[in-house]
Every structure is written in structure tokens, then in C-alpha cells.
>>> print(open('final27.cif').read())   # mmCIF, C-alpha atoms and all ligand atoms
data_protein
#
loop_
_atom_site.label_atom_id
_atom_site.label_comp_id
_atom_site.auth_asym_id
_atom_site.auth_seq_id
_atom_site.Cartn_x
_atom_site.Cartn_y
_atom_site.Cartn_z
CA MET A 1 -131.55 176.94 92.38
CA GLN A 2 -134.33 179.42 91.64
CA SER A 3 -133.69 182.64 89.75
CA HIS A 4 -134.05 184.96 92.77
CA GLU A 5 -131.47 182.97 94.75
CA ARG A 6 -128.66 183.58 92.24
CA ALA A 7 -126.07 186.07 93.53
CA VAL A 8 -126.51 188.68 90.79
CA MET A 9 -130.30 188.52 91.22
CA ARG A 10 -129.99 189.01 94.97
CA VAL A 11 -127.99 192.17 94.38
CA LEU A 12 -130.51 193.36 91.79
CA ALA A 13 -133.17 192.89 94.48
CA GLY A 14 -131.18 195.30 96.69
CA GLU A 15 -129.08 192.98 98.81
CA LYS A 16 -125.48 193.82 99.67
CA LEU A 17 -123.37 190.67 99.55
CA GLU A 18 -120.15 190.08 101.49
CA ARG A 19 -118.25 189.84 98.18
CA PRO A 20 -119.85 191.32 95.06
CA PRO A 21 -120.73 188.93 92.26
CA ILE A 22 -118.69 189.55 89.11
CA TRP A 23 -119.08 189.41 85.33
CA MET A 24 -117.60 191.50 82.48
CA MET A 25 -119.21 193.30 79.59
CA ARG A 26 -118.02 191.63 76.34
CA GLN A 27 -116.72 188.69 78.37
CA ALA A 28 -117.27 186.41 75.37
CA GLY A 29 -114.84 187.95 72.93
CA ARG A 30 -111.59 188.16 71.06
CA TYR A 31 -109.28 188.31 74.11
CA LEU A 32 -110.04 184.55 74.53
CA PRO A 33 -108.21 182.15 72.18
CA GLU A 34 -111.13 179.71 72.40
CA TYR A 35 -113.47 182.49 71.20
CA ARG A 36 -111.21 183.25 68.22
CA ALA A 37 -111.20 179.56 67.30
CA VAL A 38 -115.00 179.36 67.21
CA ARG A 39 -115.32 182.76 65.54
CA ALA A 40 -113.12 181.50 62.68
CA GLN A 41 -115.86 178.99 61.82
CA ALA A 42 -118.35 181.79 61.04
CA PRO A 43 -116.91 184.46 58.76
CA ASN A 44 -120.10 186.51 58.88
CA PHE A 45 -120.61 188.02 62.35
CA LEU A 46 -124.43 188.17 62.20
CA ASP A 47 -124.60 184.53 61.06
CA PHE A 48 -122.47 183.74 64.08
CA CYS A 49 -125.00 185.52 66.36
CA TYR A 50 -127.83 183.46 64.80
CA ASN A 51 -126.00 180.15 65.11
CA THR A 52 -127.41 178.61 68.28
CA ASP A 53 -124.61 176.04 68.69
CA LEU A 54 -121.79 178.55 68.26
CA ALA A 55 -123.45 181.34 70.26
CA THR A 56 -124.14 178.93 73.13
CA GLU A 57 -120.56 177.71 73.08
CA VAL A 58 -118.93 181.18 73.20
CA THR A 59 -121.33 182.37 75.92
CA LEU A 60 -120.23 179.43 78.08
CA GLN A 61 -116.47 179.87 77.46
CA PRO A 62 -115.81 182.65 80.00
CA ILE A 63 -118.04 180.88 82.56
CA ARG A 64 -115.98 177.69 82.27
CA ARG A 65 -112.68 179.52 82.37
CA TYR A 66 -113.39 182.00 85.16
CA GLY A 67 -116.60 180.96 86.91
CA PHE A 68 -118.24 184.37 86.46
CA ASP A 69 -121.48 184.84 88.40
CA ALA A 70 -123.36 185.92 85.28
CA ALA A 71 -123.33 184.86 81.64
CA ILE A 72 -124.45 187.38 79.04
CA LEU A 73 -126.18 185.99 75.99
CA PHE A 74 -123.84 186.12 73.00
CA SER A 75 -125.52 188.25 70.39
CA ASP A 76 -125.26 191.87 69.25
CA ILE A 77 -127.32 195.04 69.53
CA PHE A 78 -127.76 195.06 65.74
CA VAL A 79 -129.82 191.87 65.56
CA VAL A 80 -132.87 194.04 66.34
CA PRO A 81 -132.61 196.37 63.32
CA ASP A 82 -131.53 193.36 61.24
CA ALA A 83 -134.66 191.47 62.33
CA LEU A 84 -136.81 194.46 61.39
CA GLY A 85 -135.34 194.36 57.89
CA TYR A 86 -132.87 197.24 58.24
CA PRO A 87 -129.68 196.61 56.20
CA VAL A 88 -126.82 195.77 58.61
CA ASN A 89 -123.36 194.46 57.72
CA PHE A 90 -120.24 193.68 59.69
CA GLU A 91 -117.05 194.39 57.77
CA GLU A 92 -113.74 192.86 58.79
CA GLY A 93 -111.61 195.46 60.55
CA ARG A 94 -114.31 198.12 60.27
CA GLY A 95 -117.07 196.89 62.55
CA PRO A 96 -120.77 197.37 61.87
CA VAL A 97 -121.89 199.23 58.77
CA LEU A 98 -125.54 200.20 58.56
CA GLU A 99 -127.36 201.71 55.62
CA PRO A 100 -127.81 205.49 56.21
CA LEU A 101 -131.18 206.29 57.78
CA SER A 102 -133.96 207.45 55.43
CA ILE A 103 -137.74 207.51 55.54
CA GLU A 104 -137.79 204.85 52.81
CA GLN A 105 -135.77 202.51 55.03
CA VAL A 106 -138.00 203.15 58.04
CA GLU A 107 -141.16 202.54 56.02
CA LYS A 108 -139.86 199.14 54.96
CA LEU A 109 -139.41 197.91 58.56
CA ASP A 110 -141.69 195.07 59.51
CA GLN A 111 -142.49 194.25 63.15
CA ALA A 112 -144.25 191.05 62.08
CA ARG A 113 -141.03 189.36 60.95
CA THR A 114 -138.97 190.31 64.02
CA MET A 115 -139.58 187.39 66.30
CA GLU A 116 -139.35 184.76 63.62
CA HIS A 117 -135.99 186.20 62.63
CA LEU A 118 -134.79 186.26 66.24
CA GLU A 119 -135.95 182.73 67.00
CA PRO A 120 -132.37 181.30 66.88
CA VAL A 121 -131.31 183.83 69.54
CA ILE A 122 -134.16 182.78 71.81
CA ALA A 123 -133.17 179.16 71.18
CA THR A 124 -129.69 180.11 72.42
CA VAL A 125 -131.21 181.59 75.59
CA LYS A 126 -133.09 178.34 76.25
CA ARG A 127 -130.00 176.21 75.62
CA LEU A 128 -127.94 178.41 77.89
CA ARG A 129 -130.33 178.15 80.79
CA ALA A 130 -130.24 174.38 80.44
CA GLU A 131 -126.43 174.21 80.19
CA LEU A 132 -125.27 176.89 82.62
CA PRO A 133 -124.39 176.04 86.22
CA THR A 134 -127.54 176.53 88.27
CA GLU A 135 -126.00 179.37 90.32
CA THR A 136 -125.05 181.42 87.22
CA THR A 137 -127.36 184.31 86.34
CA LEU A 138 -128.26 184.54 82.66
CA LEU A 139 -128.47 188.08 81.31
CA GLY A 140 -130.28 189.04 78.16
CA PHE A 141 -129.83 192.44 76.54
CA CYS A 142 -130.62 194.90 73.82
CA GLY A 143 -129.10 198.15 72.62
CA ALA A 144 -130.81 201.36 73.64
CA PRO A 145 -132.54 202.83 70.57
CA TRP A 146 -130.32 205.94 70.52
CA THR A 147 -127.14 203.85 70.44
CA VAL A 148 -128.51 201.56 67.72
CA ALA A 149 -129.68 204.60 65.74
CA CYS A 150 -126.27 206.30 66.02
CA TYR A 151 -124.74 203.68 63.77
CA SER A 152 -127.50 203.95 61.20
CA VAL A 153 -127.42 207.72 61.02
CA ALA A 154 -123.65 207.74 60.67
CA GLY A 155 -123.58 204.44 58.78
CA HIS A 156 -120.54 203.29 60.79
CA THR A 157 -118.67 203.72 64.06
CA THR A 158 -117.62 207.30 64.82
CA GLN A 159 -115.96 208.88 67.81
CA ASP A 160 -118.46 211.48 68.94
CA GLN A 161 -121.51 210.69 66.81
CA VAL A 162 -121.45 214.08 65.07
CA ALA A 163 -123.60 212.82 62.18
CA ALA A 164 -126.21 211.30 64.52
CA ARG A 165 -126.44 214.50 66.53
CA ILE A 166 -126.80 216.68 63.44
CA GLY A 167 -129.40 214.24 62.10
CA SER A 168 -131.35 214.40 65.36
CA TYR A 169 -131.57 218.20 65.10
CA LYS A 170 -132.31 218.41 61.38
CA ASP A 171 -134.86 215.64 61.11
CA PRO A 172 -136.19 214.64 64.53
CA ALA A 173 -139.32 213.16 62.92
CA LEU A 174 -137.25 210.64 60.96
CA LEU A 175 -135.24 209.65 64.01
CA THR A 176 -138.42 209.36 66.10
CA ALA A 177 -140.01 207.11 63.48
CA PHE A 178 -136.98 204.79 63.55
CA ILE A 179 -136.64 204.83 67.34
CA ASP A 180 -140.35 204.04 67.79
CA GLN A 181 -139.84 200.90 65.68
CA LEU A 182 -136.76 199.93 67.69
CA VAL A 183 -138.63 200.44 70.97
CA GLU A 184 -141.48 198.17 69.90
CA ALA A 185 -139.19 195.42 68.58
CA SER A 186 -136.91 195.64 71.64
CA ILE A 187 -139.86 195.13 74.02
CA THR A 188 -140.97 192.02 72.15
CA TYR A 189 -137.40 190.72 71.99
CA LEU A 190 -136.65 191.31 75.68
CA VAL A 191 -139.89 189.67 76.82
CA ALA A 192 -139.01 186.65 74.65
CA GLN A 193 -135.57 186.50 76.28
CA LEU A 194 -137.17 186.47 79.74
CA ASP A 195 -139.60 183.78 78.67
CA GLY A 196 -136.71 181.78 77.23
CA GLY A 197 -134.97 181.76 80.61
CA ALA A 198 -133.02 185.02 80.99
CA ASP A 199 -132.98 186.06 84.66
CA ALA A 200 -132.46 189.77 84.02
CA LEU A 201 -131.80 192.21 81.18
CA GLN A 202 -129.35 194.98 80.35
CA ILE A 203 -129.97 197.95 78.05
CA PHE A 204 -126.69 199.24 76.55
CA ASP A 205 -126.68 202.98 75.83
CA THR A 206 -123.03 203.36 74.84
CA TRP A 207 -123.58 206.75 73.19
CA ALA A 208 -125.89 208.42 75.73
CA GLY A 209 -122.99 210.63 76.82
CA VAL A 210 -122.68 212.58 73.56
CA LEU A 211 -126.15 214.12 73.93
CA ASP A 212 -127.02 217.56 75.29
CA ASP A 213 -129.69 217.96 78.01
CA ILE A 214 -132.57 218.12 75.57
CA GLY A 215 -131.28 215.22 73.52
CA PHE A 216 -130.62 213.08 76.58
CA GLU A 217 -134.28 213.38 77.62
CA GLN A 218 -135.59 212.91 74.11
CA TRP A 219 -133.36 210.13 72.77
CA SER A 220 -131.95 208.29 75.77
CA VAL A 221 -134.36 208.64 78.71
CA GLY A 222 -137.63 208.65 76.72
CA PRO A 223 -137.12 205.50 74.62
CA THR A 224 -135.46 203.64 77.51
CA ARG A 225 -138.42 204.43 79.77
CA LYS A 226 -140.79 203.12 77.09
CA ILE A 227 -138.84 199.86 76.88
CA VAL A 228 -138.73 199.44 80.67
CA GLU A 229 -142.46 200.19 80.97
CA GLY A 230 -143.30 197.97 78.01
CA VAL A 231 -141.38 194.98 79.39
CA LYS A 232 -142.70 195.44 82.92
CA ALA A 233 -146.29 195.80 81.69
CA GLN A 234 -145.97 192.25 80.37
CA ARG A 235 -143.53 190.79 82.94
CA PRO A 236 -143.89 192.85 86.15
CA SER A 237 -141.08 191.06 88.00
CA ALA A 238 -138.50 191.75 85.24
CA LYS A 239 -135.19 193.21 86.46
CA ILE A 240 -133.49 195.65 84.11
CA ILE A 241 -130.00 197.16 84.30
CA GLY A 242 -129.50 200.42 82.40
CA PHE A 243 -126.05 201.41 81.14
CA PRO A 244 -125.95 205.02 79.92
CA LYS A 245 -122.24 205.40 79.30
CA ALA A 246 -120.42 208.68 80.02
CA SER A 247 -123.47 210.16 81.75
CA ALA A 248 -122.25 210.56 85.34
CA ALA A 249 -123.90 213.95 85.83
CA ARG A 250 -127.23 212.61 84.60
CA LEU A 251 -127.34 209.22 86.30
CA LYS A 252 -129.83 210.26 88.97
CA ARG A 253 -132.20 211.68 86.39
CA TYR A 254 -131.76 208.57 84.22
CA VAL A 255 -132.49 206.16 87.06
CA GLU A 256 -135.51 208.07 88.34
CA ALA A 257 -137.04 208.75 84.95
CA THR A 258 -136.48 205.41 83.21
CA GLY A 259 -137.47 203.08 86.06
CA VAL A 260 -134.45 200.78 85.62
CA ASP A 261 -133.75 198.50 88.59
CA ALA A 262 -129.98 198.98 88.57
CA VAL A 263 -127.43 201.03 86.71
CA GLY A 264 -124.05 200.31 85.13
CA LEU A 265 -121.32 202.85 85.90
CA ASP A 266 -118.42 203.60 83.59
CA TRP A 267 -114.96 204.32 85.04
CA THR A 268 -115.32 208.11 84.85
CA VAL A 269 -118.16 208.19 87.42
CA PRO A 270 -116.80 209.91 90.56
CA ALA A 271 -117.01 208.01 93.87
CA GLU A 272 -119.43 210.49 95.46
CA VAL A 273 -121.80 210.27 92.51
CA ALA A 274 -121.62 206.46 92.49
CA GLN A 275 -122.41 206.30 96.21
CA GLU A 276 -125.37 208.69 95.87
CA ILE A 277 -126.80 206.56 93.04
CA GLN A 278 -126.24 203.42 95.09
CA LYS A 279 -128.64 204.79 97.71
CA ILE A 280 -131.36 204.68 95.04
CA VAL A 281 -130.54 201.50 93.06
CA PRO A 282 -127.92 198.72 93.01
CA VAL A 283 -124.90 199.59 90.88
CA GLN A 284 -122.66 197.64 88.53
CA GLY A 285 -119.10 198.52 87.59
CA ASN A 286 -116.79 200.26 87.19
CA MET A 287 -113.09 199.56 86.73
CA ASP A 288 -111.36 201.01 83.69
CA PRO A 289 -110.92 198.08 81.24
CA MET A 290 -107.40 199.41 80.48
CA ARG A 291 -106.31 198.51 84.02
CA LEU A 292 -107.14 194.94 83.05
CA VAL A 293 -104.86 195.27 80.03
CA ALA A 294 -102.04 196.74 82.13
CA GLY A 295 -102.26 194.23 84.99
CA GLY A 296 -100.00 194.26 88.07
CA ARG A 297 -100.29 197.09 90.60
CA ALA A 298 -102.59 199.12 88.33
CA LEU A 299 -105.05 196.25 88.24
CA GLU A 300 -104.93 195.60 91.98
CA THR A 301 -105.39 199.29 92.78
CA GLY A 302 -108.34 199.56 90.40
CA ILE A 303 -110.08 196.51 91.86
CA ASP A 304 -109.54 197.63 95.45
CA HIS A 305 -110.77 201.13 94.67
CA ALA A 306 -114.00 199.86 93.11
CA LEU A 307 -114.55 197.49 96.03
CA ASP A 308 -113.90 200.31 98.54
CA VAL A 309 -116.10 202.87 96.84
CA LEU A 310 -119.02 200.54 96.08
CA GLY A 311 -118.61 197.97 98.84
CA ASN A 312 -121.08 199.52 101.28
CA GLY A 313 -124.16 198.90 99.18
CA PRO A 314 -125.58 196.53 96.58
CA HIS A 315 -122.81 196.09 94.01
CA ILE A 316 -122.11 193.84 91.03
CA PHE A 317 -118.43 194.04 90.09
CA ASN A 318 -117.85 194.76 86.41
CA LEU A 319 -115.67 196.85 84.13
CA GLY A 320 -116.71 200.36 83.19
CA HIS A 321 -117.13 199.16 79.57
CA GLY A 322 -116.33 196.05 77.55
CA VAL A 323 -113.12 194.04 77.91
CA VAL A 324 -110.84 194.82 74.94
CA PRO A 325 -109.21 192.24 72.60
CA GLN A 326 -105.63 192.96 73.77
CA THR A 327 -106.45 191.97 77.38
CA PRO A 328 -104.23 189.11 78.65
CA PRO A 329 -106.60 186.31 79.77
CA GLU A 330 -104.47 185.67 82.88
CA HIS A 331 -105.20 189.20 84.12
CA VAL A 332 -108.89 188.33 84.10
CA ALA A 333 -108.20 185.28 86.29
CA GLU A 334 -106.27 187.49 88.73
CA MET A 335 -109.14 189.97 88.84
CA VAL A 336 -111.72 187.29 89.61
CA LYS A 337 -109.53 185.89 92.42
CA ARG A 338 -109.04 189.27 94.01
CA VAL A 339 -112.70 190.28 93.80
CA LYS A 340 -113.70 186.98 95.38
CA GLY A 341 -111.05 187.42 98.09
CA LEU A 342 -109.26 184.17 97.18
O1 LIG B 1 -119.94 189.00 75.79
C1 LIG B 1 -120.82 189.87 75.62
O2 LIG B 1 -120.79 190.98 76.16
C2 LIG B 1 -122.05 189.49 74.84
C3 LIG B 1 -122.10 189.88 73.48
C4 LIG B 1 -122.11 191.33 73.00
C5 LIG B 1 -121.48 191.70 71.79
N1 LIG B 1 -121.80 193.00 71.54
C6 LIG B 1 -120.68 190.81 70.96
C7 LIG B 1 -119.75 191.39 69.97
C8 LIG B 1 -122.75 192.46 73.51
C9 LIG B 1 -123.52 192.64 74.80
C10 LIG B 1 -122.55 193.51 72.56
C11 LIG B 1 -123.13 194.86 72.71
C12 LIG B 1 -122.80 195.89 71.72
N2 LIG B 1 -122.56 195.72 70.39
C13 LIG B 1 -122.78 197.27 72.01
C14 LIG B 1 -123.06 197.92 73.32
C15 LIG B 1 -121.95 197.76 74.30
C16 LIG B 1 -120.64 198.34 73.89
O3 LIG B 1 -119.68 197.56 73.85
O4 LIG B 1 -120.56 199.54 73.65
C17 LIG B 1 -122.45 197.94 70.80
C18 LIG B 1 -122.27 199.44 70.60
C19 LIG B 1 -122.33 196.94 69.80
C20 LIG B 1 -122.05 197.15 68.37
C21 LIG B 1 -120.84 196.51 67.90
N3 LIG B 1 -120.69 195.14 67.77
C22 LIG B 1 -119.65 197.12 67.47
C23 LIG B 1 -119.40 198.60 67.46
C24 LIG B 1 -118.78 196.10 67.09
C25 LIG B 1 -117.43 196.26 66.46
C26 LIG B 1 -116.41 196.70 67.42
C27 LIG B 1 -115.62 195.52 67.88
O5 LIG B 1 -115.44 195.38 69.11
O6 LIG B 1 -115.19 194.77 67.00
C28 LIG B 1 -119.44 194.87 67.32
C29 LIG B 1 -118.90 193.51 67.09
C30 LIG B 1 -118.95 192.57 68.24
N4 LIG B 1 -120.04 192.35 69.03
C31 LIG B 1 -117.90 191.71 68.66
C32 LIG B 1 -118.40 190.97 69.74
C33 LIG B 1 -117.70 189.88 70.51
C34 LIG B 1 -116.52 191.59 68.00
C35 LIG B 1 -116.69 191.06 66.63
C36 LIG B 1 -115.85 189.85 66.28
O7 LIG B 1 -115.77 188.87 67.03
O8 LIG B 1 -115.32 189.89 65.18
#
>>> encode(input="final27.cif", output="C-alpha cells", more="lines below")
Ligand code: CP3
Amino acid sequence: MQSHERAVMRVLAGEKLERPPIWMMRQAGRYLPEYRAVRAQAPNFLDFCYNTDLATEVTLQPIRRYGFDAAILFSDIFVVPDALGYPVNFEEGRGPVLEPLSIEQVEKLDQARTMEHLEPVIATVKRLRAELPTETTLLGFCGAPWTVACYSVAGHTTQDQVAARIGSYKDPALLTAFIDQLVEASITYLVAQLDGGADALQIFDTWAGVLDDIGFEQWSVGPTRKIVEGVKAQRPSAKIIGFPKASAARLKRYVEATGVDAVGLDWTVPAEVAQEIQKIVPVQGNMDPMRLVAGGRALETGIDHALDVLGNGPHIFNLGHGVVPQTPPEHVAEMVKRVKGL
């Protein structure tokens, strides 16, 4: 089967299918016992991302178990700063810890080493395309520069990114210098993913929603547009899904200004907003991942609501954000069955 014939690709080209194709953000993850078993073999999370055998295996696990219509490359948004030479660490129970941003750190970044460093990830993409069922879409991804930068300004995960916002106001030149490097490396990395066999790409902007109007333009829209333009300048047929989380009121602006081909909706996006956006681009989403934890009636209601609201236009069924570790795997099977009408 050719890339454009795969269900997710047909929706990204604007087609409305009888039943939406389905995949889940973070579908390769700790809610699956088989993931935890493989993960135990690689104590260091970044080493795990760079291990082609292990990364291929965990990417395939949810496809085997559930038959999702898309596989997302197993990697992380922090491989890009890591490849540039920015100090990144994953600490058990704490998540990613990045060295605080400084001009000295930014000056040390080296675009020339990026692709060599990311070669194992591209090898994973190639392996995946060879091993996936022919009808399964392969998605590559990167983090949006603002979201990547949030963790380096704060140094760790925070709730509302107070440190990153203060940093962006106090020293916009420093943040710009870092983001410019991330934009350039992300373009190179995404083009390599396409060339390796990824059918389409997603840009994760998990922290877009904490920004004010000025910041949203400057730090989310601007860099994302540069990445979209940069990738499309080299690969004009590339399809790119943007995911600016918690940005319902700004989705229209985001879609029109960045040039993304489709947009991911989180669960707080109101039906009317989602339907307006769907007149402009295909949409992906948007059930609350906690309904998948709860199961039962709450799960059924959430699925049916998303299908009702988004069912009249091009739609890829997904959660409104990543599946969480406490999700019972059998709830995922029930969701797939119901979405497929089985
Ligand atoms: O299945 C997939 O979706 C593909 C792989 C993937 C991971 N991270 C693997 C991962 C993808 C697409 C991401 C994206 C990512 N990573 C984002 C954007 C999307 C989002 O979820 O908001 C962000 C902000 C990150 C950064 C990150 N990576 C954090 C904050 C953490 C720690 C929090 C946590 O869930 O533990 C990670 C670690 C991480 N990345 C895990 C996985 C499966 C869990 C780590 C483990 O297995 O120990």
C-alpha cells in the first residue's frame, strides 16, 4: 500500500472516512506490561530512545495489541536538545531534568553533530516502516521549541511554567537564541524522519496554553511556522499535525498562521470551536484520557461524544493528551472496538 492510501493519510488529505482512524498519544508507554518489561532492560531513558531494537519493539507493541491505524515513533522531544549538546537527564520518578538555560549553554550547541547523534532514531524509523503492517501510518514527531525550552528554563517539569514565562520576559534574546537552534535542528530531524519512511509528522506544543497573546505569537506560532515552512521547503508534500495544547481560543489563529495540515484538539476544546476548525483543516482528538482510566459508561459517553461532534468532517480519533500509566489496557481495547463500530 502506498503512503497516501493509508487511512490516517487519507484523513490528513481532507477525506472524511465512515469510521475515523484511531491512534493514541503516548500509546507506547507504561500502561502496557510489555512496555514495562522492555523498559526494564534500559535504565537510562535516553539510551532507550537511541536503542533501535528496543525503540522499534515498543513502537510495535500497541499496534500488535490493538491494531491502531497509526504508529508513532518511540522517542522523546528531548533527543533534539540532547543531539545539539544541551545537557538533558531523565531522573527516576522526577522526569526530565535539563540544565538551566544560559548564553554559555546556547553558544556550545552544535548543529553539525545533530544528525549523527540522531542516526539511531532514523534507523528506528526505517526499521519500523519495514516491519509495520502496510496499512499502518507511521508518524514522526518533534517537540515545539517553546515546549522543549520550557523544561530548560525551569530545569524540570512544572505546572504552569512560571519560570519559563518570567525568563521569556526578562531575557527574550536568550530564549530566541535557543529557540532558533531548536528550529534549525528540528527541521533537519523531521526531514530525515520523512526520508526514513515516516508518512506524516506531529509537532507537540504541550505548553502553548500558558502563554499570553504576545507570547503565543512569539514563542508558539512563530517557531512552529518556521519549522513547517522549513520542512515543506525541502519536502513540499509533507503532512504536519500541530498540537498546541490548551489553546482552544487560539486554534484558528494557530492553524492559519503556522500552515499545519491538521490540528490536535485537547479535551477542553468546545464542540463549536472544534467544528469551526474542522472546516479549515482535519482534526485529531479529543477524548479526556481520564475517561479511559475510568472506563464503563464514562468511556462510552466520551467516545460517542467525540464521534458525534467530529464525525461530520475529516477526523482522526485520539485522546486529548497522552494515555496515562494507570490506564487499564482492557479499556483501550474497548475504546478501539467502539470507535471501529465492532
Ligand atoms: O508513544 C508515544 O507517544 C511515542 C513516544 C513519546 C514519548 N514522549 C515517550 C515517553 C512522545 C511522542 C513523547 C512526547 C513528549 N515528551 C512530550 C510532548 C507530549 C506530551 O505528552 O506532553 C513531552 C512534554 C515530553 C517530555 C517528557 N518525556 C516528560 C515530561 C516525561 C516524563 C513524564 C512521564 O510521563 O514520565 C517524559 C518521559 C517519557 N517519554 C516516557 C515515555 C513513554 C515515560 C518514561 C518511562 O518510560 O520511564
>>> residues_near_point(input="final27.cif", point="(-118.4, 201.3, 87.4)", cutoff="7 Å", atoms="all atoms listed in the file", output="list in words")
Gly264, Leu265, Asp266, Trp267, Val269, Gln284, Gly285, Asn286, Met287, Asn318, Leu319 and Gly320 of chain A
>>> atom_distance(input="final27.cif", atom1="CA of Trp23 in chain A", atom2="CA of Leu73 in chain A")
12.2 Å
>>> closest_residue(input="final27.cif", among="A:Thr224, A:Gln105, A:Thr206, A:Ser247", to="Ser186 in chain A", atoms="all atoms listed in the file")
A:Thr224
>>> closest_residue(input="final27.cif", among="A:Leu174, A:Leu201, A:Met9, A:Ala262", to="ligand LIG 1 (chain B)", atoms="all atoms listed in the file")
A:Leu201
>>> closest_atom_pairs(input="final27.cif", of="chain A", to="ligand LIG 1 (chain B)", cutoff="9 Å", atoms="all atoms listed in the file", output="Markdown table")
| residue | atom | partner | partner_atom | distance |
| --- | --- | --- | --- | --- |
| A:Met24 | CA | B:LIG1 | O2 | 7.1 |
| A:Met25 | CA | B:LIG1 | O2 | 4.4 |
| A:Arg26 | CA | B:LIG1 | O2 | 2.9 |
| A:Gln27 | CA | B:LIG1 | O1 | 4.1 |
| A:Ala28 | CA | B:LIG1 | O1 | 3.7 |
| A:Gly29 | CA | B:LIG1 | C33 | 4.2 |
| A:Arg30 | CA | B:LIG1 | O7 | 5.8 |
| A:Tyr35 | CA | B:LIG1 | O7 | 8.0 |
| A:Arg36 | CA | B:LIG1 | O7 | 7.3 |
| A:Arg39 | CA | B:LIG1 | O7 | 6.3 |
| A:Ala40 | CA | B:LIG1 | O7 | 9.0 |
| A:Pro43 | CA | B:LIG1 | O8 | 8.6 |
| A:Asn44 | CA | B:LIG1 | O8 | 8.6 |
| A:Phe45 | CA | B:LIG1 | O8 | 6.3 |
| A:Phe48 | CA | B:LIG1 | O7 | 8.9 |
| A:Cys49 | CA | B:LIG1 | C6 | 8.2 |
| A:Val58 | CA | B:LIG1 | O1 | 8.3 |
| A:Thr59 | CA | B:LIG1 | O1 | 6.8 |
| A:Pro62 | CA | B:LIG1 | O1 | 8.7 |
| A:Ala71 | CA | B:LIG1 | O1 | 7.9 |
| A:Ile72 | CA | B:LIG1 | C2 | 5.3 |
| A:Leu73 | CA | B:LIG1 | C2 | 5.5 |
| A:Phe74 | CA | B:LIG1 | C3 | 4.2 |
| A:Ser75 | CA | B:LIG1 | C3 | 4.9 |
| A:Asp76 | CA | B:LIG1 | N1 | 4.3 |
| A:Ile77 | CA | B:LIG1 | N2 | 4.9 |
| A:Phe78 | CA | B:LIG1 | C20 | 6.6 |
| A:Phe90 | CA | B:LIG1 | C29 | 7.5 |
| A:Glu91 | CA | B:LIG1 | O8 | 8.8 |
| A:Glu92 | CA | B:LIG1 | O8 | 7.2 |
| A:Gly93 | CA | B:LIG1 | O6 | 7.4 |
| A:Arg94 | CA | B:LIG1 | C25 | 7.2 |
| A:Gly95 | CA | B:LIG1 | C25 | 4.0 |
| A:Pro96 | CA | B:LIG1 | C22 | 5.7 |
| A:Gly140 | CA | B:LIG1 | C9 | 8.4 |
| A:Phe141 | CA | B:LIG1 | C9 | 6.5 |
| A:Cys142 | CA | B:LIG1 | C9 | 7.5 |
| A:Gly143 | CA | B:LIG1 | C14 | 6.1 |
| A:Ala144 | CA | B:LIG1 | C14 | 8.5 |
| A:Thr147 | CA | B:LIG1 | C18 | 6.6 |
| A:Val148 | CA | B:LIG1 | C18 | 7.2 |
| A:Tyr151 | CA | B:LIG1 | C23 | 8.2 |
| A:His156 | CA | B:LIG1 | C23 | 8.2 |
| A:Thr157 | CA | B:LIG1 | C23 | 6.2 |
| A:Gln202 | CA | B:LIG1 | C9 | 8.4 |
| A:Ile203 | CA | B:LIG1 | C14 | 8.4 |
| A:Phe204 | CA | B:LIG1 | C14 | 5.0 |
| A:Asp205 | CA | B:LIG1 | C14 | 6.7 |
| A:Thr206 | CA | B:LIG1 | O4 | 4.7 |
| A:Trp207 | CA | B:LIG1 | O4 | 7.8 |
| A:Phe243 | CA | B:LIG1 | C15 | 8.8 |
| A:Lys245 | CA | B:LIG1 | O4 | 8.3 |
| A:His321 | CA | B:LIG1 | O3 | 6.5 |
| A:Gly322 | CA | B:LIG1 | O3 | 5.2 |
| A:Val323 | CA | B:LIG1 | O2 | 8.4 |
| A:Val324 | CA | B:LIG1 | O5 | 7.4 |
| A:Pro325 | CA | B:LIG1 | O5 | 7.8 |
>>> decode(input="final27.cif", residues="range 308-320 of chain A", atoms="N, CA and C atoms", output="PDB file, in the first residue's frame")
ATOM      1  N   ASP A 308     -19.646  12.010  17.668  1.00  0.00           N
ATOM      2  CA  ASP A 308     -20.774  12.879  17.272  1.00  0.00           C
ATOM      3  C   ASP A 308     -20.292  14.256  16.843  1.00  0.00           C
ATOM      4  N   VAL A 309     -19.453  14.842  17.700  1.00  0.00           N
ATOM      5  CA  VAL A 309     -19.035  16.227  17.466  1.00  0.00           C
ATOM      6  C   VAL A 309     -18.156  16.331  16.221  1.00  0.00           C
ATOM      7  N   LEU A 310     -17.264  15.346  16.034  1.00  0.00           N
ATOM      8  CA  LEU A 310     -16.256  15.468  14.975  1.00  0.00           C
ATOM      9  C   LEU A 310     -16.560  14.582  13.762  1.00  0.00           C
ATOM     10  N   GLY A 311     -17.661  13.850  13.836  1.00  0.00           N
ATOM     11  CA  GLY A 311     -17.953  12.839  12.816  1.00  0.00           C
ATOM     12  C   GLY A 311     -18.403  13.374  11.464  1.00  0.00           C
ATOM     13  N   ASN A 312     -18.663  14.666  11.370  1.00  0.00           N
ATOM     14  CA  ASN A 312     -19.142  15.189  10.081  1.00  0.00           C
ATOM     15  C   ASN A 312     -18.050  15.746   9.191  1.00  0.00           C
ATOM     16  N   GLY A 313     -16.815  15.584   9.614  1.00  0.00           N
ATOM     17  CA  GLY A 313     -15.705  16.095   8.808  1.00  0.00           C
ATOM     18  C   GLY A 313     -14.509  15.191   8.967  1.00  0.00           C
ATOM     19  N   PRO A 314     -13.377  15.567   8.352  1.00  0.00           N
ATOM     20  CA  PRO A 314     -12.176  14.732   8.479  1.00  0.00           C
ATOM     21  C   PRO A 314     -11.693  14.654   9.930  1.00  0.00           C
ATOM     22  N   HIS A 315     -11.637  13.437  10.462  1.00  0.00           N
ATOM     23  CA  HIS A 315     -11.360  13.243  11.893  1.00  0.00           C
ATOM     24  C   HIS A 315     -10.482  12.006  12.110  1.00  0.00           C
ATOM     25  N   ILE A 316      -9.444  12.189  12.911  1.00  0.00           N
ATOM     26  CA  ILE A 316      -8.633  11.074  13.404  1.00  0.00           C
ATOM     27  C   ILE A 316      -8.936  10.965  14.886  1.00  0.00           C
ATOM     28  N   PHE A 317      -9.459   9.821  15.323  1.00  0.00           N
ATOM     29  CA  PHE A 317      -9.787   9.682  16.740  1.00  0.00           C
ATOM     30  C   PHE A 317      -8.500   9.568  17.550  1.00  0.00           C
ATOM     31  N   ASN A 318      -8.460  10.306  18.662  1.00  0.00           N
ATOM     32  CA  ASN A 318      -7.310  10.259  19.556  1.00  0.00           C
ATOM     33  C   ASN A 318      -7.776  10.719  20.927  1.00  0.00           C
ATOM     34  N   LEU A 319      -6.889  10.684  21.893  1.00  0.00           N
ATOM     35  CA  LEU A 319      -7.168  11.288  23.190  1.00  0.00           C
ATOM     36  C   LEU A 319      -6.813  12.767  23.092  1.00  0.00           C
ATOM     37  N   GLY A 320      -7.249  13.526  24.100  1.00  0.00           N
ATOM     38  CA  GLY A 320      -6.910  14.943  24.131  1.00  0.00           C
ATOM     39  C   GLY A 320      -5.492  15.200  24.618  1.00  0.00           C
TER      40      GLY A 320
END
